[in-house]
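**Q** See coords.pdb below, with PDB, C-alpha atoms and all ligand atoms.
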```
MODEL        1
ATOM      1  CA  MET A   1      67.118   6.566  45.515
ATOM      2  CA  PRO A   2      65.508   6.421  42.053
ATOM      3  CA  ARG A   3      65.405   9.931  40.599
ATOM      4  CA  LEU A   4      61.668  10.119  40.369
ATOM      5  CA  PHE A   5      61.146   8.986  43.921
ATOM      6  CA  LYS A   6      63.779  11.385  45.202
ATOM      7  CA  LYS A   7      62.034  14.217  43.439
ATOM      8  CA  ALA A   8      58.620  13.224  44.781
ATOM      9  CA  ALA A   9      60.035  13.080  48.306
ATOM     10  CA  LEU A  10      61.526  16.519  47.893
ATOM     11  CA  ILE A  11      58.273  17.984  46.610
ATOM     12  CA  ILE A  12      56.401  16.543  49.582
ATOM     13  CA  PHE A  13      59.020  17.979  51.913
ATOM     14  CA  LEU A  14      58.860  21.408  50.283
ATOM     15  CA  ILE A  15      55.082  21.474  50.339
ATOM     16  CA  ALA A  16      54.959  20.327  53.948
ATOM     17  CA  SER A  17      57.335  23.175  54.863
ATOM     18  CA  ALA A  18      55.148  25.633  52.992
ATOM     19  CA  MET A  19      52.251  24.686  55.250
ATOM     20  CA  VAL A  20      54.065  25.710  58.421
ATOM     21  CA  PRO A  21      53.449  29.448  58.448
ATOM     22  CA  VAL A  22      55.954  30.184  61.207
ATOM     23  CA  LEU A  23      58.819  29.046  58.992
ATOM     24  CA  ALA A  24      59.239  31.945  56.595
ATOM     25  CA  TRP A  25      61.778  34.694  55.954
ATOM     26  CA  ASP A  26      58.951  36.893  57.048
ATOM     27  CA  ASP A  27      59.224  35.419  60.515
ATOM     28  CA  VAL A  28      62.352  33.398  61.236
ATOM     29  CA  GLY A  29      64.502  35.514  58.901
ATOM     30  CA  HIS A  30      63.320  38.819  60.362
ATOM     31  CA  LYS A  31      63.782  37.625  63.926
ATOM     32  CA  ILE A  32      67.320  36.406  63.186
ATOM     33  CA  THR A  33      68.186  39.802  61.714
ATOM     34  CA  ALA A  34      66.651  41.591  64.700
ATOM     35  CA  TYR A  35      68.543  39.321  67.123
ATOM     36  CA  ILE A  36      71.838  40.196  65.399
ATOM     37  CA  ALA A  37      70.907  43.895  65.370
ATOM     38  CA  TRP A  38      70.172  43.744  69.119
ATOM     39  CA  GLN A  39      73.602  42.190  69.799
ATOM     40  CA  SER A  40      75.190  45.105  67.913
ATOM     41  CA  MET A  41      73.273  47.770  69.811
ATOM     42  CA  SER A  42      74.641  49.694  72.787
ATOM     43  CA  PRO A  43      72.726  49.561  76.099
ATOM     44  CA  ARG A  44      71.688  53.187  75.581
ATOM     45  CA  ALA A  45      70.378  52.590  72.062
ATOM     46  CA  ARG A  46      68.445  49.539  73.297
ATOM     47  CA  GLU A  47      66.948  51.511  76.158
ATOM     48  CA  ASN A  48      65.825  54.367  73.903
ATOM     49  CA  VAL A  49      64.387  52.051  71.268
ATOM     50  CA  ILE A  50      62.348  50.066  73.806
ATOM     51  CA  LYS A  51      61.079  53.237  75.475
ATOM     52  CA  ILE A  52      59.870  54.592  72.121
ATOM     53  CA  LEU A  53      58.300  51.318  71.014
ATOM     54  CA  ARG A  54      56.259  51.177  74.209
ATOM     55  CA  ALA A  55      54.787  54.565  73.280
ATOM     56  CA  ALA A  56      53.406  53.210  69.983
ATOM     57  CA  PRO A  57      49.822  54.172  69.048
ATOM     58  CA  GLU A  58      47.372  51.847  70.748
ATOM     59  CA  ASP A  59      45.601  50.881  67.513
ATOM     60  CA  SER A  60      48.897  49.581  66.045
ATOM     61  CA  HIS A  61      49.095  46.962  68.859
ATOM     62  CA  LEU A  62      52.859  47.431  68.683
ATOM     63  CA  ALA A  63      53.176  48.398  72.342
ATOM     64  CA  ALA A  64      50.967  45.545  73.524
ATOM     65  CA  PHE A  65      53.464  42.896  72.388
ATOM     66  CA  TYR A  66      55.781  43.750  75.270
ATOM     67  CA  LYS A  67      55.617  41.292  78.159
ATOM     68  CA  SER A  68      56.070  43.554  81.162
ATOM     69  CA  TYR A  69      56.355  40.559  83.519
ATOM     70  CA  GLY A  70      57.480  36.955  83.211
ATOM     71  CA  SER A  71      59.995  34.403  84.397
ATOM     72  CA  GLU A  72      62.688  35.515  81.920
ATOM     73  CA  PRO A  73      65.121  38.304  82.815
ATOM     74  CA  GLU A  74      63.991  41.768  81.711
ATOM     75  CA  ASP A  75      66.762  42.001  79.132
ATOM     76  CA  THR A  76      65.586  38.788  77.457
ATOM     77  CA  ARG A  77      62.001  40.060  77.376
ATOM     78  CA  LYS A  78      63.172  43.292  75.743
ATOM     79  CA  ARG A  79      65.184  41.444  73.136
ATOM     80  CA  GLU A  80      62.298  39.148  72.289
ATOM     81  CA  TYR A  81      59.956  42.101  72.050
ATOM     82  CA  PHE A  82      62.380  43.816  69.663
ATOM     83  CA  MET A  83      62.556  40.638  67.554
ATOM     84  CA  LEU A  84      58.768  40.450  67.368
ATOM     85  CA  VAL A  85      58.603  44.128  66.405
ATOM     86  CA  SER A  86      60.610  43.304  63.262
ATOM     87  CA  THR A  87      57.664  41.170  62.076
ATOM     88  CA  TRP A  88      54.967  43.736  62.950
ATOM     89  CA  ALA A  89      54.672  44.909  59.314
ATOM     90  CA  ASP A  90      53.604  41.355  58.425
ATOM     91  CA  ILE A  91      51.385  40.917  61.489
ATOM     92  CA  VAL A  92      49.257  43.871  60.317
ATOM     93  CA  ARG A  93      48.483  41.963  57.093
ATOM     94  CA  ASP A  94      45.881  40.056  59.126
ATOM     95  CA  ARG A  95      42.502  41.233  57.842
ATOM     96  CA  ALA A  96      40.774  39.927  60.957
ATOM     97  CA  PHE A  97      41.849  43.202  62.591
ATOM     98  CA  GLU A  98      40.214  45.364  59.982
ATOM     99  CA  ASN A  99      41.031  48.817  61.336
ATOM    100  CA  ARG A 100      44.639  47.947  62.020
ATOM    101  CA  TYR A 101      44.896  46.405  58.555
ATOM    102  CA  LYS A 102      43.438  49.458  56.826
ATOM    103  CA  LYS A 103      45.602  51.908  58.695
ATOM    104  CA  TYR A 104      48.957  50.137  58.833
ATOM    105  CA  HIS A 105      49.248  47.503  56.119
ATOM    106  CA  LYS A 106      51.336  48.793  53.188
ATOM    107  CA  GLY A 107      52.095  46.068  50.641
ATOM    108  CA  PRO A 108      54.452  48.030  48.340
ATOM    109  CA  TRP A 109      56.629  49.164  51.271
ATOM    110  CA  HIS A 110      58.082  45.652  51.647
ATOM    111  CA  TYR A 111      60.140  45.707  48.450
ATOM    112  CA  SER A 112      61.966  47.864  45.922
ATOM    113  CA  ASP A 113      62.169  46.055  42.629
ATOM    114  CA  THR A 114      64.658  46.769  39.904
ATOM    115  CA  PHE A 115      63.165  45.684  36.582
ATOM    116  CA  TRP A 116      65.601  43.829  34.393
ATOM    117  CA  ARG A 117      65.972  41.409  31.560
ATOM    118  CA  GLN A 118      68.480  38.605  31.248
ATOM    119  CA  ALA A 119      70.464  38.868  28.008
ATOM    120  CA  ASP A 120      73.490  36.703  27.202
ATOM    121  CA  GLY A 121      73.951  35.849  30.864
ATOM    122  CA  LYS A 122      73.979  39.503  31.857
ATOM    123  CA  ALA A 123      71.441  41.761  33.525
ATOM    124  CA  GLN A 124      70.039  44.513  31.371
ATOM    125  CA  ILE A 125      68.367  47.079  33.613
ATOM    126  CA  LEU A 126      65.020  48.413  32.387
ATOM    127  CA  THR A 127      64.210  51.898  33.565
ATOM    128  CA  ARG A 128      60.798  52.676  32.111
ATOM    129  CA  PHE A 129      58.737  50.751  34.627
ATOM    130  CA  GLU A 130      56.624  52.480  37.213
ATOM    131  CA  GLU A 131      55.509  50.554  40.287
ATOM    132  CA  GLY A 132      58.473  48.714  41.722
ATOM    133  CA  GLY A 133      57.675  49.116  45.405
ATOM    134  CA  GLN A 134      58.672  51.789  47.907
ATOM    135  CA  GLY A 135      61.047  49.945  50.228
ATOM    136  CA  VAL A 136      64.059  52.200  49.745
ATOM    137  CA  THR A 137      61.993  55.405  49.864
ATOM    138  CA  ARG A 138      60.386  54.259  53.117
ATOM    139  CA  LEU A 139      63.727  53.404  54.703
ATOM    140  CA  PHE A 140      64.954  56.958  54.027
ATOM    141  CA  GLU A 141      61.623  58.296  55.272
ATOM    142  CA  SER A 142      61.730  56.211  58.476
ATOM    143  CA  GLU A 143      65.227  57.441  59.321
ATOM    144  CA  LYS A 144      64.065  61.013  58.755
ATOM    145  CA  ILE A 145      61.172  60.534  61.187
ATOM    146  CA  LEU A 146      63.519  59.001  63.768
ATOM    147  CA  ARG A 147      65.954  61.926  63.518
ATOM    148  CA  ASP A 148      63.301  64.629  63.550
ATOM    149  CA  ALA A 149      63.032  66.311  66.956
ATOM    150  CA  GLY A 150      59.461  67.235  66.012
ATOM    151  CA  SER A 151      58.315  63.604  65.669
ATOM    152  CA  SER A 152      56.332  62.143  68.554
ATOM    153  CA  ASN A 153      57.433  58.870  70.137
ATOM    154  CA  ALA A 154      54.268  57.304  68.715
ATOM    155  CA  GLU A 155      55.370  58.227  65.181
ATOM    156  CA  LYS A 156      58.903  57.081  65.915
ATOM    157  CA  ALA A 157      57.668  53.696  67.171
ATOM    158  CA  ILE A 158      55.950  53.003  63.847
ATOM    159  CA  ALA A 159      59.081  54.147  62.006
ATOM    160  CA  ILE A 160      61.202  51.681  64.020
ATOM    161  CA  GLY A 161      58.744  48.917  63.099
ATOM    162  CA  TRP A 162      59.179  49.769  59.434
ATOM    163  CA  ILE A 163      62.923  50.317  59.387
ATOM    164  CA  MET A 164      63.508  46.992  61.142
ATOM    165  CA  HIS A 165      61.188  45.166  58.768
ATOM    166  CA  ILE A 166      62.036  46.705  55.397
ATOM    167  CA  GLY A 167      65.715  46.696  56.334
ATOM    168  CA  GLY A 168      65.425  42.907  56.544
ATOM    169  CA  ASP A 169      63.197  42.437  53.498
ATOM    170  CA  ILE A 170      65.447  44.437  51.199
ATOM    171  CA  HIS A 171      68.273  41.944  51.858
ATOM    172  CA  GLN A 172      66.179  39.124  50.388
ATOM    173  CA  PRO A 173      67.371  39.369  46.764
ATOM    174  CA  LEU A 174      63.858  38.803  45.411
ATOM    175  CA  HIS A 175      62.574  41.844  47.322
ATOM    176  CA  ALA A 176      64.827  43.872  45.015
ATOM    177  CA  SER A 177      64.037  42.287  41.663
ATOM    178  CA  ALA A 178      61.385  42.001  38.961
ATOM    179  CA  ARG A 179      62.728  39.982  36.060
ATOM    180  CA  VAL A 180      61.022  40.650  32.737
ATOM    181  CA  THR A 181      60.625  37.766  30.278
ATOM    182  CA  ASP A 182      58.299  36.992  27.369
ATOM    183  CA  LEU A 183      56.149  35.084  29.863
ATOM    184  CA  GLU A 184      56.271  37.910  32.401
ATOM    185  CA  PRO A 185      56.309  41.129  30.345
ATOM    186  CA  LYS A 186      55.479  43.228  33.427
ATOM    187  CA  GLY A 187      58.077  41.527  35.589
ATOM    188  CA  ASP A 188      57.818  38.345  37.628
ATOM    189  CA  GLN A 189      56.947  40.067  40.927
ATOM    190  CA  GLY A 190      60.110  39.066  42.725
ATOM    191  CA  GLY A 191      59.888  35.490  41.504
ATOM    192  CA  ASN A 192      56.289  35.059  42.663
ATOM    193  CA  LEU A 193      55.312  34.212  39.078
ATOM    194  CA  PHE A 194      58.244  31.832  38.606
ATOM    195  CA  LEU A 195      56.837  28.429  39.573
ATOM    196  CA  LEU A 196      59.069  25.619  40.803
ATOM    197  CA  THR A 197      56.346  22.997  40.490
ATOM    198  CA  PRO A 198      55.466  21.420  37.131
ATOM    199  CA  GLN A 199      52.797  22.924  34.893
ATOM    200  CA  GLY A 200      49.345  21.660  35.843
ATOM    201  CA  THR A 201      50.122  21.356  39.567
ATOM    202  CA  ALA A 202      47.020  22.170  41.615
ATOM    203  CA  ARG A 203      47.132  25.729  42.882
ATOM    204  CA  GLU A 204      47.319  24.797  46.547
ATOM    205  CA  ASN A 205      50.386  22.641  45.854
ATOM    206  CA  GLN A 206      52.281  25.184  43.771
ATOM    207  CA  VAL A 207      55.483  26.691  45.092
ATOM    208  CA  ASN A 208      57.373  29.582  43.527
ATOM    209  CA  LEU A 209      60.857  31.055  43.606
ATOM    210  CA  HIS A 210      59.935  33.896  45.951
ATOM    211  CA  TRP A 211      58.603  31.434  48.479
ATOM    212  CA  PHE A 212      61.754  29.309  48.070
ATOM    213  CA  TRP A 213      63.960  32.239  49.167
ATOM    214  CA  ASP A 214      61.565  33.555  51.822
ATOM    215  CA  SER A 215      61.415  30.224  53.628
ATOM    216  CA  ILE A 216      65.031  29.219  53.137
ATOM    217  CA  VAL A 217      66.135  29.231  56.799
ATOM    218  CA  GLY A 218      63.199  27.210  58.079
ATOM    219  CA  ARG A 219      63.691  24.598  55.364
ATOM    220  CA  ASN A 220      67.418  24.247  55.942
ATOM    221  CA  ILE A 221      67.137  24.217  59.722
ATOM    222  CA  PRO A 222      63.701  22.789  60.567
ATOM    223  CA  LEU A 223      62.121  23.567  63.915
ATOM    224  CA  ARG A 224      61.961  20.440  66.048
ATOM    225  CA  GLY A 225      58.726  19.654  67.788
ATOM    226  CA  GLU A 226      59.396  20.559  71.398
ATOM    227  CA  THR A 227      61.923  23.368  70.932
ATOM    228  CA  CYS A 228      60.614  26.767  72.007
ATOM    229  CA  GLU A 229      61.077  29.629  69.592
ATOM    230  CA  ARG A 230      63.945  31.149  71.553
ATOM    231  CA  GLY A 231      65.765  27.822  71.632
ATOM    232  CA  TYR A 232      65.303  27.654  67.878
ATOM    233  CA  ILE A 233      66.239  31.136  66.668
ATOM    234  CA  GLU A 234      69.082  32.069  69.012
ATOM    235  CA  PRO A 235      71.529  29.309  68.046
ATOM    236  CA  ILE A 236      70.826  29.900  64.342
ATOM    237  CA  ALA A 237      71.535  33.619  64.689
ATOM    238  CA  GLN A 238      74.641  33.001  66.813
ATOM    239  CA  ASN A 239      75.961  30.562  64.264
ATOM    240  CA  MET A 240      75.476  33.123  61.476
ATOM    241  CA  MET A 241      77.338  35.700  63.552
ATOM    242  CA  LYS A 242      80.199  33.244  63.941
ATOM    243  CA  LYS A 243      80.298  32.525  60.215
ATOM    244  CA  TYR A 244      80.001  36.201  59.312
ATOM    245  CA  PRO A 245      81.522  38.101  62.241
ATOM    246  CA  TYR A 246      81.090  41.833  62.578
ATOM    247  CA  SER A 247      84.833  42.372  62.118
ATOM    248  CA  LYS A 248      84.570  40.986  58.594
ATOM    249  CA  MET A 249      81.368  42.839  57.700
ATOM    250  CA  GLN A 250      81.952  46.269  59.245
ATOM    251  CA  ASN A 251      83.492  47.774  56.113
ATOM    252  CA  ARG A 252      80.378  46.838  54.117
ATOM    253  CA  LEU A 253      77.742  48.585  56.230
ATOM    254  CA  SER A 254      77.077  51.642  53.998
ATOM    255  CA  LEU A 255      74.995  53.172  56.782
ATOM    256  CA  GLY A 256      72.168  55.391  55.612
ATOM    257  CA  LYS A 257      72.715  54.358  51.994
ATOM    258  CA  TYR A 258      69.543  52.372  51.576
ATOM    259  CA  ASP A 259      69.738  52.536  47.798
ATOM    260  CA  SER A 260      73.124  50.794  47.995
ATOM    261  CA  TRP A 261      71.624  48.050  50.183
ATOM    262  CA  GLN A 262      68.994  47.497  47.522
ATOM    263  CA  ALA A 263      71.477  47.618  44.616
ATOM    264  CA  GLU A 264      73.715  45.064  46.326
ATOM    265  CA  SER A 265      70.772  42.757  46.978
ATOM    266  CA  PHE A 266      69.554  43.161  43.403
ATOM    267  CA  LYS A 267      72.990  42.217  42.037
ATOM    268  CA  LEU A 268      72.603  38.717  43.505
ATOM    269  CA  ASN A 269      69.739  38.032  41.085
ATOM    270  CA  PRO A 270      71.503  37.500  37.747
ATOM    271  CA  THR A 271      74.235  35.396  39.376
ATOM    272  CA  MET A 272      72.855  33.576  42.423
ATOM    273  CA  VAL A 273      69.055  33.599  42.032
ATOM    274  CA  TYR A 274      68.427  33.210  38.289
ATOM    275  CA  SER A 275      71.532  31.107  37.686
ATOM    276  CA  PRO A 276      71.709  28.789  34.651
ATOM    277  CA  ASP A 277      70.814  25.722  36.734
ATOM    278  CA  LEU A 278      67.462  27.205  37.779
ATOM    279  CA  ILE A 279      64.749  25.807  35.527
ATOM    280  CA  ARG A 280      61.101  26.824  35.455
ATOM    281  CA  GLY A 281      58.736  24.136  36.726
ATOM    282  CA  GLN A 282      61.499  22.258  38.550
ATOM    283  CA  LEU A 283      62.807  22.353  42.071
ATOM    284  CA  PRO A 284      66.327  23.800  42.198
ATOM    285  CA  PRO A 285      69.134  21.200  42.282
ATOM    286  CA  ALA A 286      71.177  20.494  45.424
ATOM    287  CA  LYS A 287      74.059  22.778  44.491
ATOM    288  CA  TYR A 288      71.677  25.684  43.947
ATOM    289  CA  ARG A 289      69.969  25.046  47.280
ATOM    290  CA  LYS A 290      73.316  25.002  49.075
ATOM    291  CA  ASN A 291      74.538  28.227  47.460
ATOM    292  CA  ALA A 292      71.215  29.924  48.082
ATOM    293  CA  PHE A 293      71.335  29.147  51.794
ATOM    294  CA  ARG A 294      74.885  30.496  52.044
ATOM    295  CA  VAL A 295      73.821  33.726  50.327
ATOM    296  CA  ALA A 296      70.789  34.028  52.606
ATOM    297  CA  GLU A 297      72.878  33.563  55.761
ATOM    298  CA  GLU A 298      75.308  36.260  54.704
ATOM    299  CA  GLN A 299      72.477  38.641  53.795
ATOM    300  CA  LEU A 300      70.697  38.062  57.119
ATOM    301  CA  ALA A 301      73.877  38.731  59.093
ATOM    302  CA  LEU A 302      74.681  41.834  57.056
ATOM    303  CA  ALA A 303      71.146  43.153  57.543
ATOM    304  CA  GLY A 304      71.440  42.604  61.303
ATOM    305  CA  TYR A 305      74.726  44.506  61.638
ATOM    306  CA  ARG A 306      73.486  47.307  59.404
ATOM    307  CA  LEU A 307      70.252  47.769  61.347
ATOM    308  CA  GLY A 308      71.957  47.559  64.737
ATOM    309  CA  GLU A 309      74.472  50.232  63.768
ATOM    310  CA  THR A 310      71.750  52.345  62.163
ATOM    311  CA  LEU A 311      69.884  52.418  65.471
ATOM    312  CA  ASN A 312      73.130  53.091  67.385
ATOM    313  CA  ARG A 313      73.800  56.113  65.190
ATOM    314  CA  ILE A 314      70.335  57.501  65.746
ATOM    315  CA  PHE A 315      69.769  56.635  69.407
ATOM    316  CA  ASP A 316      73.238  56.706  70.937
ATOM    317  CA  ASN A 317      75.393  59.553  69.794
TER     318      ASN A 317
HETATM  319 ZN    ZN B 401      57.884  41.994  54.456
ENDMDL
END
```
Would you give me this structure, written as structure tokens?

**A**
Amino acid sequence: MPRLFKKAALIIFLIASAMVPVLAWDDVGHKITAYIAWQSMSPRARENVIKILRAAPEDSHLAAFYKSYGSEPEDTRKREYFMLVSTWADIVRDRAFENRYKKYHKGPWHYSDTFWRQADGKAQILTRFEEGGQGVTRLFESEKILRDAGSSNAEKAIAIGWIMHIGGDIHQPLHASARVTDLEPKGDQGGNLFLLTPQGTARENQVNLHWFWDSIVGRNIPLRGETCERGYIEPIAQNMMKKYPYSKMQNRLSLGKYDSWQAESFKLNPTMVYSPDLIRGQLPPAKYRKNAFRVAEEQLALAGYRLGETLNRIFDN
């Protein structure tokens, strides 16, 4: 294919994917992580978690997602409910439900950015920046709520929603990074300011680096028309578990060390995210896209095992 045409085709493909809201790390990625977590959980931990979630405050709508009847076996319904719960923190972004939005939406909880500058191919960490998100703090806080005998089940349900969601987000390297450049002196907001489309592209057609990583699974493994969501997500998650089995990941779990999870995720930025072949205003080349997907798969699997074991420690000991 002529270069120009190939590039145009790719841009159209990327933009078309951007228009399918269901295909984002925020949805597919979180559900994959939750599926893997569920597989790692003991029957007792699962039982306790579901019981608590169903006691969630009514105005959070978290309890209402559970399908108490249906043609699927009960265990499948519980697993799917748990997977949906991992996306609750994004569901509450919907301003159409104003009260729920005001009470539960917390933008800065979804990330914990390390500010840094790239110098001679190395990351120079900048410490004098203030607002870098509260992801790590909220993970510690959620675990504290879950372990506190004085917490109500309603409070614990919200904490499970957050721990499952932030625990996934923090494994997306760009939820742990704010790169500072001359163009972005206050940081690039996890790559949101780093455009992959050429200068002058109409706003609605722009795509950025954050979006590229958020939507990486859906772009690499597109959802086919008639496949139901379960038929789509399960095989992807199972394949990731085969590629990155628990036996090979179990010595990397660092349970309870949420700052280590963040630091590890951040470290991928200077090498795998802002690698020399990534150029502003251009879509990443094939080799970059391939490496990025591999990194994302490993991060999603790791997040799943970590969260599953975290819940086992709290709810089955
Ligand atoms: Zn999020």

**Q** Around ligand ZN 401 (chain B), which protein and nucleic acid residues have at least one atom no more than 7 Å from it, if we count only C-alpha atoms and all ligand atoms? List them as an MDAnalysis selection string.

**A** chainID A and resid 26 89:90 110 165:166 169

**Q** So, with all atoms listed in the file as the atoms that count, which of A:Met249, A:Gly29, A:Ser152, A:Ile279 lies closest to Arg219 in chain A?

**A**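 Residue with the minimum atom-to-atom distance to Arg219 in chain A: A:Gly29.
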
**Q** Between A:Gly161, A:Pro285, A:Gly132, A:Gly218, which one has atoms that come closest to His105 in chain A, using only C-alpha atoms?

**A**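 Closest candidate: A:Gly161.
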
**Q** On this file, the PyMOL selection byres (((chain A and resi 40-50) around 7) and not hetatm) gives some set of residues; write that set as a PDB file with C-alpha atoms, keeping the file's coordinate frame.

**A**
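Result file is part14.pdb:
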```pdb
ATOM      1  CA  ILE A  36      71.838  40.196  65.399  1.00  0.00           C
ATOM      2  CA  ALA A  37      70.907  43.895  65.370  1.00  0.00           C
ATOM      3  CA  TRP A  38      70.172  43.744  69.119  1.00  0.00           C
ATOM      4  CA  GLN A  39      73.602  42.190  69.799  1.00  0.00           C
ATOM      5  CA  LYS A  51      61.079  53.237  75.475  1.00  0.00           C
ATOM      6  CA  ILE A  52      59.870  54.592  72.121  1.00  0.00           C
ATOM      7  CA  LEU A  53      58.300  51.318  71.014  1.00  0.00           C
ATOM      8  CA  ARG A  54      56.259  51.177  74.209  1.00  0.00           C
ATOM      9  CA  TYR A 305      74.726  44.506  61.638  1.00  0.00           C
ATOM     10  CA  GLY A 308      71.957  47.559  64.737  1.00  0.00           C
ATOM     11  CA  GLU A 309      74.472  50.232  63.768  1.00  0.00           C
ATOM     12  CA  LEU A 311      69.884  52.418  65.471  1.00  0.00           C
ATOM     13  CA  ASN A 312      73.130  53.091  67.385  1.00  0.00           C
ATOM     14  CA  PHE A 315      69.769  56.635  69.407  1.00  0.00           C
ATOM     15  CA  ASP A 316      73.238  56.706  70.937  1.00  0.00           C
TER      16      ASP A 316
END
```

**Q** What does the structure give for the distance between CA of Leu126 in chain A and CA of Leu196 in chain A, in Å to one decimal?

**A**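 Computed distance, CA of Leu126 in chain A to CA of Leu196 in chain A, equals 25.0 Å.
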
**Q** Residues picked by the PyMOL selection byres (((chain A and resi 104) around 10) and not hetatm) here, as a VMD selection string?

**A** chain A and resid 59 to 60 88 to 93 99 to 103 105 to 107 158

**Q** Would you list the contacts of Glu297 in chain A as JSON, numbers by chain, taking every protein, DNA or RNA residue within 12 Å and counting all atoms listed in the file, but skipping same-chain residues closer than 5 positions in sequence?

**A** {"A": [25, 28, 29, 30, 32, 33, 36, 168, 171, 172, 213, 214, 216, 217, 218, 220, 221, 236, 237, 238, 239, 240, 241, 242, 243, 244, 245, 290, 291, 292, 302, 303, 304]}

**Q** Let me make sure I understand: among A:Asp182, A:Glu229, A:Glu143, A:Asp113, which one has the smallest atom-to-atom distance to Lys31 in chain A if we use all atoms listed in the file?

**A**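 Ranked by minimum distance to Lys31 in chain A, first place goes to A:Glu229.
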
**Q** Can you tell me how far CA of Phe115 in chain A sits from CA of Leu307 in chain A, in Å to one decimal?

**A**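 Separation of CA of Phe115 in chain A and CA of Leu307 in chain A: 25.8 Å.
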
**Q** Which one of A:Ala178, A:Leu223, A:Val136, A:Ala123 sits closest to Pro270 in chain A if you count all atoms listed in the file?

**A**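 Nearest candidate to Pro270 in chain A out of A:Ala178, A:Leu223, A:Val136, A:Ala123: A:Ala123.
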
**Q** Kindly give the distance, in Å, that separates CA of Ser177 in chain A and CA of Ala296 in chain A, rounded to a single decimal.

**A**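 Distance between the two atoms: 15.3 Å.
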
**Q** Looking at A:Trp162, A:Tyr288, A:Trp211, A:Tyr35, which one is nearest to Tyr274 in chain A, with distances taken over only C-alpha atoms?

**A** A:Tyr288

**Q** What residues come out when you apply the PyMOL selection byres (((chain A and resi 190) around 10) and not hetatm) to this file, written as a list in words?

**A** Tyr111, Ser112, Asp113, Thr114, Phe115, Gly132, Gln172, Pro173, Leu174, His175, Ala176, Ser177, Ala178, Arg179, Gly187, Asp188, Gln189, Gly191, Asn192, Leu193, Phe194, Asn208, Leu209, His210, Trp211 and Asn269 of chain A
